[in-house]
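J.: So I've got this file, structure01.tsv, and it contains TSV, C-alpha atoms:
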chain	number	residue	atom	x	y	z
V	21	MET	CA	14.95	25.87	-11.29
V	22	LEU	CA	17.09	24.84	-8.35
V	23	SER	CA	19.28	27.35	-6.54
V	24	LEU	CA	22.66	25.60	-6.42
V	25	THR	CA	25.67	26.48	-4.30
V	26	THR	CA	29.10	24.88	-4.41
V	27	ARG	CA	31.40	24.69	-1.42
V	28	ARG	CA	34.70	23.08	-0.55
V	29	LEU	CA	34.47	20.17	1.84
V	30	THR	CA	36.94	20.00	4.72
V	31	SER	CA	37.85	17.45	7.36
V	32	THR	CA	34.81	18.52	9.39
V	33	ASP	CA	32.61	17.24	6.53
V	34	VAL	CA	34.07	13.73	6.58
V	35	ALA	CA	30.84	12.00	7.71
V	36	VAL	CA	28.61	13.61	5.09
V	37	PHE	CA	31.27	13.10	2.40
V	38	ARG	CA	31.65	9.41	3.21
V	39	ALA	CA	27.87	8.93	3.25
V	40	ILE	CA	27.28	10.33	-0.24
V	41	ARG	CA	30.42	8.66	-1.62
V	42	SER	CA	29.31	5.29	-0.24
V	43	GLU	CA	25.85	5.87	-1.72
V	44	GLY	CA	27.42	6.26	-5.16
V	45	LEU	CA	29.74	3.28	-4.77
V	46	VAL	CA	26.84	1.03	-3.75
V	47	ASP	CA	24.01	2.33	-5.94
V	48	ASP	CA	26.11	2.96	-9.05
V	49	ALA	CA	28.92	0.42	-8.57
V	50	ALA	CA	29.49	-0.10	-12.31
V	51	SER	CA	30.48	3.57	-12.67
V	52	PHE	CA	33.40	3.46	-10.24
V	53	ARG	CA	36.78	1.74	-10.23
V	54	ILE	CA	36.74	1.74	-6.42
V	55	SER	CA	34.55	-0.59	-4.39
V	56	VAL	CA	32.78	0.38	-1.20
V	57	MET	CA	34.90	-2.28	0.54
V	58	ASP	CA	38.08	-0.51	-0.62
V	59	ASP	CA	36.71	2.82	0.57
V	60	ASP	CA	35.75	1.38	3.94
V	61	SER	CA	39.31	0.15	4.44
V	62	VAL	CA	40.50	3.78	4.60
V	63	SER	CA	40.47	5.07	8.16
V	64	LEU	CA	38.39	8.05	9.17
V	65	GLU	CA	41.62	9.94	9.78
V	66	GLY	CA	42.78	8.98	6.28
V	67	TRP	CA	39.63	10.51	4.80
V	68	ARG	CA	40.04	13.64	6.94
V	69	LEU	CA	43.58	14.07	5.64
V	70	ARG	CA	42.44	13.57	2.04
V	71	LEU	CA	39.71	16.20	2.41
V	72	GLU	CA	42.34	18.64	3.68
V	73	ARG	CA	44.95	17.74	1.03
V	74	ASP	CA	42.73	17.48	-2.06
V	75	PHE	CA	40.24	20.04	-3.33
V	76	VAL	CA	36.86	18.32	-2.82
V	77	VAL	CA	33.60	20.14	-3.43
V	78	ALA	CA	29.91	19.51	-2.95
V	79	VAL	CA	27.02	21.13	-4.75
V	80	GLU	CA	24.01	21.78	-2.54
V	81	THR	CA	20.49	23.09	-2.60
V	82	GLU	CA	18.64	23.99	0.58
V	83	GLY	CA	21.38	22.35	2.66
V	84	ARG	CA	21.14	19.00	0.86
V	85	ILE	CA	24.18	17.71	-1.00
V	86	LEU	CA	23.35	16.75	-4.58
V	87	GLY	CA	26.81	15.72	-5.70
V	88	ILE	CA	30.53	15.71	-5.03
V	89	GLY	CA	33.80	15.74	-6.93
V	90	GLY	CA	37.49	16.04	-6.20
V	91	PHE	CA	40.74	17.32	-7.63
V	92	ALA	CA	44.22	16.16	-6.63
V	93	ARG	CA	47.55	17.38	-7.85
V	94	ILE	CA	49.80	14.58	-9.04
V	95	ALA	CA	52.98	14.42	-6.96
V	96	GLY	CA	56.49	14.38	-8.35
V	97	THR	CA	58.87	16.86	-9.89
V	98	LYS	CA	58.22	15.60	-13.40
V	99	THR	CA	54.43	15.25	-13.01
V	100	GLU	CA	53.40	18.11	-10.73
V	101	HIS	CA	52.06	20.01	-13.75
V	102	LYS	CA	49.17	17.50	-13.86
V	103	GLY	CA	46.10	17.00	-11.75
V	104	LEU	CA	43.41	14.36	-11.44
V	105	ILE	CA	39.65	14.82	-11.34
V	106	TRP	CA	38.26	12.04	-9.14
V	107	GLY	CA	35.14	10.84	-7.36
V	108	MET	CA	32.50	12.65	-9.42
V	109	TYR	CA	29.04	11.58	-8.29
V	110	VAL	CA	25.67	13.26	-8.60
V	111	ARG	CA	22.61	11.72	-7.01
V	112	PRO	CA	20.19	10.34	-9.65
V	113	ALA	CA	17.40	12.78	-8.71
V	114	ALA	CA	19.78	15.71	-9.29
V	115	ARG	CA	21.07	14.64	-12.71
V	116	GLY	CA	20.16	17.10	-15.41
V	117	THR	CA	19.85	20.00	-12.93
V	118	GLY	CA	23.27	21.51	-13.62
V	119	ALA	CA	24.74	20.13	-10.39
V	120	ALA	CA	27.53	18.28	-12.21
V	121	ASP	CA	28.35	21.39	-14.25
V	122	HIS	CA	28.72	23.40	-11.02
V	123	ILE	CA	31.09	20.79	-9.60
V	124	MET	CA	33.21	20.53	-12.76
V	125	THR	CA	33.40	24.30	-13.28
V	126	THR	CA	34.60	24.74	-9.70
V	127	LEU	CA	37.16	21.92	-9.96
V	128	LEU	CA	38.56	23.22	-13.26
V	129	ALA	CA	38.80	26.80	-11.98
V	130	HIS	CA	40.77	25.57	-8.98
V	131	ALA	CA	42.95	23.28	-11.12
V	132	ALA	CA	43.87	26.20	-13.36
V	133	THR	CA	45.53	27.87	-10.36
V	134	THR	CA	47.83	24.93	-9.65
V	135	VAL	CA	48.40	22.74	-12.74
V	136	TRP	CA	48.73	22.86	-16.51
V	137	GLN	CA	46.54	19.87	-17.38
V	138	VAL	CA	43.98	17.56	-15.77
V	139	GLN	CA	43.21	13.92	-16.35
V	140	LEU	CA	40.42	11.55	-15.42
V	141	THR	CA	39.16	8.07	-16.11
V	142	VAL	CA	35.57	7.11	-16.81
V	143	VAL	CA	33.81	3.85	-17.58
V	144	ALA	CA	34.00	3.78	-21.39
V	145	ALA	CA	30.45	2.44	-21.78
V	146	ASN	CA	29.02	5.28	-19.68
V	147	ARG	CA	28.22	7.46	-22.70
V	148	ARG	CA	26.39	10.07	-20.63
V	149	ALA	CA	29.46	10.65	-18.47
V	150	VAL	CA	31.82	10.63	-21.46
V	151	ARG	CA	29.67	13.26	-23.23
V	152	PHE	CA	29.59	15.33	-20.03
V	153	TYR	CA	33.39	15.37	-19.84
V	154	GLU	CA	33.68	16.15	-23.56
V	155	ARG	CA	31.35	19.13	-23.03
V	156	HIS	CA	33.85	20.36	-20.47
V	157	GLY	CA	36.73	20.14	-22.94
V	158	PHE	CA	38.13	16.70	-22.13
V	159	GLU	CA	39.45	14.52	-24.95
V	160	SER	CA	39.91	10.77	-24.89
V	161	TYR	CA	43.48	9.61	-25.40
V	162	GLY	CA	42.90	5.91	-25.01
V	163	ILE	CA	40.91	3.01	-23.66
V	164	GLU	CA	42.27	0.73	-20.97
V	165	PRO	CA	40.73	-2.66	-21.72
V	166	SER	CA	39.45	-4.72	-18.78
V	167	SER	CA	40.48	-1.96	-16.38
V	168	ILE	CA	37.91	-2.81	-13.71
V	169	ARG	CA	37.01	-6.30	-12.48
V	170	MET	CA	33.48	-6.39	-11.15
V	171	ASP	CA	32.23	-8.64	-8.32
V	172	ASP	CA	30.59	-11.00	-10.83
V	173	GLY	CA	33.94	-11.55	-12.59
V	174	SER	CA	33.12	-9.41	-15.63
V	175	PHE	CA	35.45	-6.66	-16.80
V	176	ILE	CA	34.81	-3.05	-17.75
V	177	ASP	CA	36.93	-0.81	-19.98
V	178	GLU	CA	37.87	2.71	-18.95
V	179	ALA	CA	38.35	5.76	-21.15
V	180	LEU	CA	41.38	7.88	-20.31
V	181	MET	CA	40.67	11.59	-20.78
V	182	TRP	CA	42.57	14.85	-20.41
V	183	ARG	CA	42.43	18.57	-21.07
V	184	ARG	CA	44.54	21.66	-20.58
V	185	VAL	CA	43.34	24.20	-18.03
Kindly transcribe the structure held in the file into structure tokens.
T.:
Amino acid sequence: MLSLTTRRLTSTDVAVFRAIRSEGLVDDAASFRISVMDDDSVSLEGWRLRLERDFVVAVETEGRILGIGGFARIAGTKTEHKGLIWGMYVRPAARGTGAADHIMTTLLAHAATTVWQVQLTVVAANRRAVRFYERHGFESYGIEPSSIRMDDGSFIDEALMWRRV
């Protein structure tokens, strides 16, 4: 059994954050709506600011990051009661270890201190991810057809999910 710790990432973690995020965007491209090219267009300072603004966590064992995930509050007077879970990625070797559960539990606990509900999107065909989110209390409220256009010209649907916190 792995000894897992979860910690908030800050602007000083920008290099390690970008490395694992890029790994996910390249190695598991069909699971993300963002491309590595889009991510690379954000400046280093832009990523530093996002790590300070959003609540981004990493789960680690023995100093090695196994996965990451983020939470952002949605801006606006009429929507500030909502938040967004984004950028969930767990390295393939760490899947099934509880790493993703540690990330989600930490994100939801933080969200509960600032918002009333959280939302996320997930590739609809990624049944493992959909079941994971359902286990954490998320419900699907729709499918966005052809939400993501892949490099080969094919399209992928996304499930829209939410839960109260």
J.: When you draw a straight line from atom CA of V:Asp177 to atom CA of V:Ala145, how long is it in Å?
T.: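 Distance between the two atoms: 7.5 Å.
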J.: Please identify every residue of stretch 113-150 of chain V that has at least one atom no farther than 9 Å from an atom of stretch 179-185 of chain V, counting all atoms listed in the file, and for each give the shortest atom pair and the distance in Å to one decimal, arranged by chain then increasing number, as a tab-separated table.
T.:
residue	atom	partner	partner_atom	distance
V:Leu128	CA	V:Val185	CA	6.8
V:Ala129	CA	V:Val185	CA	8.0
V:Ala131	CA	V:Val185	CA	7.0
V:Ala132	CA	V:Val185	CA	5.1
V:Thr133	CA	V:Val185	CA	8.8
V:Val135	CA	V:Val185	CA	7.5
V:Trp136	CA	V:Val185	CA	5.8
V:Gln137	CA	V:Arg184	CA	4.2
V:Val138	CA	V:Trp182	CA	5.6
V:Gln139	CA	V:Trp182	CA	4.2
V:Leu140	CA	V:Met181	CA	5.4
V:Thr141	CA	V:Leu180	CA	4.8
V:Val142	CA	V:Ala179	CA	5.3
V:Val143	CA	V:Ala179	CA	6.1
V:Ala144	CA	V:Ala179	CA	4.8
V:Ala145	CA	V:Ala179	CA	8.6
V:Val150	CA	V:Ala179	CA	8.2
J.: Those same residues, written as a PDB file, keeping the file's coordinate frame with C-alpha atoms?
T.:
ATOM      1  CA  LEU V 128      38.560  23.220 -13.260  1.00  0.00           C
ATOM      2  CA  ALA V 129      38.800  26.800 -11.980  1.00  0.00           C
ATOM      3  CA  ALA V 131      42.950  23.280 -11.120  1.00  0.00           C
ATOM      4  CA  ALA V 132      43.870  26.200 -13.360  1.00  0.00           C
ATOM      5  CA  THR V 133      45.530  27.870 -10.360  1.00  0.00           C
ATOM      6  CA  VAL V 135      48.400  22.740 -12.740  1.00  0.00           C
ATOM      7  CA  TRP V 136      48.730  22.860 -16.510  1.00  0.00           C
ATOM      8  CA  GLN V 137      46.540  19.870 -17.380  1.00  0.00           C
ATOM      9  CA  VAL V 138      43.980  17.560 -15.770  1.00  0.00           C
ATOM     10  CA  GLN V 139      43.210  13.920 -16.350  1.00  0.00           C
ATOM     11  CA  LEU V 140      40.420  11.550 -15.420  1.00  0.00           C
ATOM     12  CA  THR V 141      39.160   8.070 -16.110  1.00  0.00           C
ATOM     13  CA  VAL V 142      35.570   7.110 -16.810  1.00  0.00           C
ATOM     14  CA  VAL V 143      33.810   3.850 -17.580  1.00  0.00           C
ATOM     15  CA  ALA V 144      34.000   3.780 -21.390  1.00  0.00           C
ATOM     16  CA  ALA V 145      30.450   2.440 -21.780  1.00  0.00           C
ATOM     17  CA  VAL V 150      31.820  10.630 -21.460  1.00  0.00           C
TER      18      VAL V 150
END
J.: Using all atoms listed in the file, which of V:Ile105, V:Ala78, V:Leu24, V:Ala149 sits nearest V:Gly90?
T.: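 Looking at the shortest contact to V:Gly90, the residue is V:Ile105.
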J.: Using all atoms listed in the file, which of the listed residues (V:Glu159, V:Asp74, V:Asp121, V:Glu82) sits closest to V:Ser31?
T.: V:Asp74
J.: Please check which residues have atoms at most 12 Å from (30.8, 17.7, -20.1) in the file's coordinates, counting all atoms listed in the file, and write them as a PyMOL selection string.
T.: chain V and resi 108+116+118-125+128+147-159+181+183
J.: What gap, in Å, lies between atom CA of V:Ile176 and atom CA of V:Ala50?
T.: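 For atom CA of V:Ile176 relative to atom CA of V:Ala50, the distance reads 8.2 Å.
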J.: For V:Val77, which residue out of V:Ser42, V:Ser63, V:Thr126, V:Ser166 is the nearest one, using all atoms listed in the file?
T.: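 Smallest distance to V:Val77 is found for V:Thr126.
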J.: Suppose you want the space between atom CA of V:Thr134 and atom CA of V:Val76; what is it in Å?
T.: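 Between atom CA of V:Thr134 and atom CA of V:Val76 the gap is 14.5 Å.
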J.: Between V:Leu45, V:Leu71, V:Ile54, V:Val110, which is the closest to V:Ser167 once you count all atoms listed in the file?
T.: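 Checking each of V:Leu45, V:Leu71, V:Ile54, V:Val110 against V:Ser167, counting all atoms listed in the file, the winner is V:Ile54.
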J.: Ranking V:Ile88, V:Arg68, V:Thr81, V:Gly173 by minimum distance to V:Glu43 and counting only C-alpha atoms, which one comes first?
T.: V:Ile88
J.: Between V:Val36, V:Ala114, V:Leu104, V:Leu86, which one has atoms that come closest to V:Trp67, using only C-alpha atoms?
T.: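 Residue with the minimum atom-to-atom distance to V:Trp67: V:Val36.
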J.: Taking all listed atoms of stretch 61-72 of chain V, build the axis-aligned box, pad each of the six sides by 4 Å, then write its centre and edge lengths in Å to one decimal as JSON.
T.:
{"center_x": 41.0, "center_y": 9.4, "center_z": 5.9, "size_x": 13.2, "size_y": 26.5, "size_z": 15.7}
J.: Would you pick out the contacts of V:Asp47 at 12 Å or less, using only C-alpha atoms, so that residues sharing its chain but fewer than 6 positions from it are not included, and give the list as a list in words?
T.: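 Residues near the query, excluding close chain neighbours: Ala39, Ile40, Arg41, Ser55, Val56, Tyr109, Val110, Arg111 and Pro112 of chain V.
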J.: As a PDB file, in the coordinates of the input, could you write out stretch 166-177 of chain V once it has been completed with all heavy atoms?
T.:
ATOM      1  N   SER V 166      39.586  -3.899 -19.999  1.00  0.00           N
ATOM      2  CA  SER V 166      39.450  -4.720 -18.780  1.00  0.00           C
ATOM      3  C   SER V 166      40.072  -4.037 -17.567  1.00  0.00           C
ATOM      4  O   SER V 166      40.695  -4.689 -16.729  1.00  0.00           O
ATOM      5  CB  SER V 166      40.066  -6.099 -18.999  1.00  0.00           C
ATOM      6  OG  SER V 166      39.452  -6.743 -20.092  1.00  0.00           O
ATOM      7  N   SER V 167      39.873  -2.750 -17.448  1.00  0.00           N
ATOM      8  CA  SER V 167      40.480  -1.960 -16.380  1.00  0.00           C
ATOM      9  C   SER V 167      39.895  -2.284 -15.015  1.00  0.00           C
ATOM     10  O   SER V 167      40.597  -2.246 -14.012  1.00  0.00           O
ATOM     11  CB  SER V 167      40.290  -0.480 -16.693  1.00  0.00           C
ATOM     12  OG  SER V 167      40.810   0.310 -15.668  1.00  0.00           O
ATOM     13  N   ILE V 168      38.598  -2.593 -14.974  1.00  0.00           N
ATOM     14  CA  ILE V 168      37.910  -2.810 -13.710  1.00  0.00           C
ATOM     15  C   ILE V 168      37.316  -4.211 -13.688  1.00  0.00           C
ATOM     16  O   ILE V 168      36.603  -4.594 -14.618  1.00  0.00           O
ATOM     17  CB  ILE V 168      36.775  -1.779 -13.515  1.00  0.00           C
ATOM     18  CG1 ILE V 168      37.314  -0.353 -13.624  1.00  0.00           C
ATOM     19  CG2 ILE V 168      36.065  -1.994 -12.185  1.00  0.00           C
ATOM     20  CD1 ILE V 168      36.233   0.695 -13.776  1.00  0.00           C
ATOM     21  N   ARG V 169      37.617  -4.973 -12.639  1.00  0.00           N
ATOM     22  CA  ARG V 169      37.010  -6.300 -12.480  1.00  0.00           C
ATOM     23  C   ARG V 169      35.857  -6.171 -11.495  1.00  0.00           C
ATOM     24  O   ARG V 169      36.036  -5.776 -10.346  1.00  0.00           O
ATOM     25  CB  ARG V 169      38.018  -7.323 -11.959  1.00  0.00           C
ATOM     26  CG  ARG V 169      37.426  -8.734 -11.856  1.00  0.00           C
ATOM     27  CD  ARG V 169      38.472  -9.774 -11.494  1.00  0.00           C
ATOM     28  NE  ARG V 169      39.331  -9.342 -10.411  1.00  0.00           N
ATOM     29  CZ  ARG V 169      39.155  -9.657  -9.126  1.00  0.00           C
ATOM     30  NH1 ARG V 169      38.150 -10.415  -8.758  1.00  0.00           N
ATOM     31  NH2 ARG V 169      39.991  -9.228  -8.206  1.00  0.00           N
ATOM     32  N   MET V 170      34.676  -6.505 -11.970  1.00  0.00           N
ATOM     33  CA  MET V 170      33.480  -6.390 -11.150  1.00  0.00           C
ATOM     34  C   MET V 170      33.331  -7.629 -10.252  1.00  0.00           C
ATOM     35  O   MET V 170      33.982  -8.652 -10.468  1.00  0.00           O
ATOM     36  CB  MET V 170      32.246  -6.226 -12.043  1.00  0.00           C
ATOM     37  CG  MET V 170      32.306  -4.986 -12.947  1.00  0.00           C
ATOM     38  SD  MET V 170      32.519  -3.442 -12.050  1.00  0.00           S
ATOM     39  CE  MET V 170      30.935  -3.305 -11.247  1.00  0.00           C
ATOM     40  N   ASP V 171      32.448  -7.535  -9.263  1.00  0.00           N
ATOM     41  CA  ASP V 171      32.230  -8.640  -8.320  1.00  0.00           C
ATOM     42  C   ASP V 171      31.792  -9.925  -9.007  1.00  0.00           C
ATOM     43  O   ASP V 171      32.101 -11.015  -8.538  1.00  0.00           O
ATOM     44  CB  ASP V 171      31.178  -8.253  -7.275  1.00  0.00           C
ATOM     45  CG  ASP V 171      31.703  -7.210  -6.291  1.00  0.00           C
ATOM     46  OD1 ASP V 171      32.938  -7.077  -6.156  1.00  0.00           O
ATOM     47  OD2 ASP V 171      30.876  -6.537  -5.657  1.00  0.00           O
ATOM     48  N   ASP V 172      31.067  -9.800 -10.127  1.00  0.00           N
ATOM     49  CA  ASP V 172      30.590 -11.000 -10.830  1.00  0.00           C
ATOM     50  C   ASP V 172      31.636 -11.606 -11.752  1.00  0.00           C
ATOM     51  O   ASP V 172      31.372 -12.564 -12.470  1.00  0.00           O
ATOM     52  CB  ASP V 172      29.313 -10.673 -11.619  1.00  0.00           C
ATOM     53  CG  ASP V 172      29.538  -9.694 -12.762  1.00  0.00           C
ATOM     54  OD1 ASP V 172      30.696  -9.279 -13.007  1.00  0.00           O
ATOM     55  OD2 ASP V 172      28.533  -9.343 -13.423  1.00  0.00           O
ATOM     56  N   GLY V 173      32.854 -11.031 -11.771  1.00  0.00           N
ATOM     57  CA  GLY V 173      33.940 -11.550 -12.590  1.00  0.00           C
ATOM     58  C   GLY V 173      34.029 -10.919 -13.977  1.00  0.00           C
ATOM     59  O   GLY V 173      34.981 -11.187 -14.708  1.00  0.00           O
ATOM     60  N   SER V 174      33.064 -10.086 -14.325  1.00  0.00           N
ATOM     61  CA  SER V 174      33.120  -9.410 -15.630  1.00  0.00           C
ATOM     62  C   SER V 174      34.111  -8.249 -15.554  1.00  0.00           C
ATOM     63  O   SER V 174      34.511  -7.822 -14.461  1.00  0.00           O
ATOM     64  CB  SER V 174      31.735  -8.909 -16.031  1.00  0.00           C
ATOM     65  OG  SER V 174      31.280  -7.922 -15.117  1.00  0.00           O
ATOM     66  N   PHE V 175      34.497  -7.754 -16.716  1.00  0.00           N
ATOM     67  CA  PHE V 175      35.450  -6.660 -16.800  1.00  0.00           C
ATOM     68  C   PHE V 175      34.850  -5.478 -17.530  1.00  0.00           C
ATOM     69  O   PHE V 175      34.027  -5.651 -18.432  1.00  0.00           O
ATOM     70  CB  PHE V 175      36.736  -7.112 -17.512  1.00  0.00           C
ATOM     71  CG  PHE V 175      37.535  -8.095 -16.709  1.00  0.00           C
ATOM     72  CD1 PHE V 175      37.311  -9.454 -16.845  1.00  0.00           C
ATOM     73  CD2 PHE V 175      38.494  -7.660 -15.809  1.00  0.00           C
ATOM     74  CE1 PHE V 175      38.040 -10.362 -16.095  1.00  0.00           C
ATOM     75  CE2 PHE V 175      39.226  -8.560 -15.060  1.00  0.00           C
ATOM     76  CZ  PHE V 175      38.995  -9.917 -15.206  1.00  0.00           C
ATOM     77  N   ILE V 176      35.293  -4.283 -17.151  1.00  0.00           N
ATOM     78  CA  ILE V 176      34.810  -3.050 -17.750  1.00  0.00           C
ATOM     79  C   ILE V 176      36.020  -2.245 -18.228  1.00  0.00           C
ATOM     80  O   ILE V 176      37.027  -2.134 -17.531  1.00  0.00           O
ATOM     81  CB  ILE V 176      34.018  -2.217 -16.707  1.00  0.00           C
ATOM     82  CG1 ILE V 176      32.758  -2.973 -16.266  1.00  0.00           C
ATOM     83  CG2 ILE V 176      33.641  -0.851 -17.272  1.00  0.00           C
ATOM     84  CD1 ILE V 176      31.996  -2.283 -15.147  1.00  0.00           C
ATOM     85  N   ASP V 177      35.889  -1.672 -19.436  1.00  0.00           N
ATOM     86  CA  ASP V 177      36.930  -0.810 -19.980  1.00  0.00           C
ATOM     87  C   ASP V 177      36.769   0.602 -19.439  1.00  0.00           C
ATOM     88  O   ASP V 177      35.658   1.038 -19.154  1.00  0.00           O
ATOM     89  CB  ASP V 177      36.837  -0.735 -21.511  1.00  0.00           C
ATOM     90  CG  ASP V 177      37.002  -2.085 -22.197  1.00  0.00           C
ATOM     91  OD1 ASP V 177      37.517  -3.024 -21.562  1.00  0.00           O
ATOM     92  OD2 ASP V 177      36.630  -2.179 -23.382  1.00  0.00           O
TER      93      ASP V 177
END
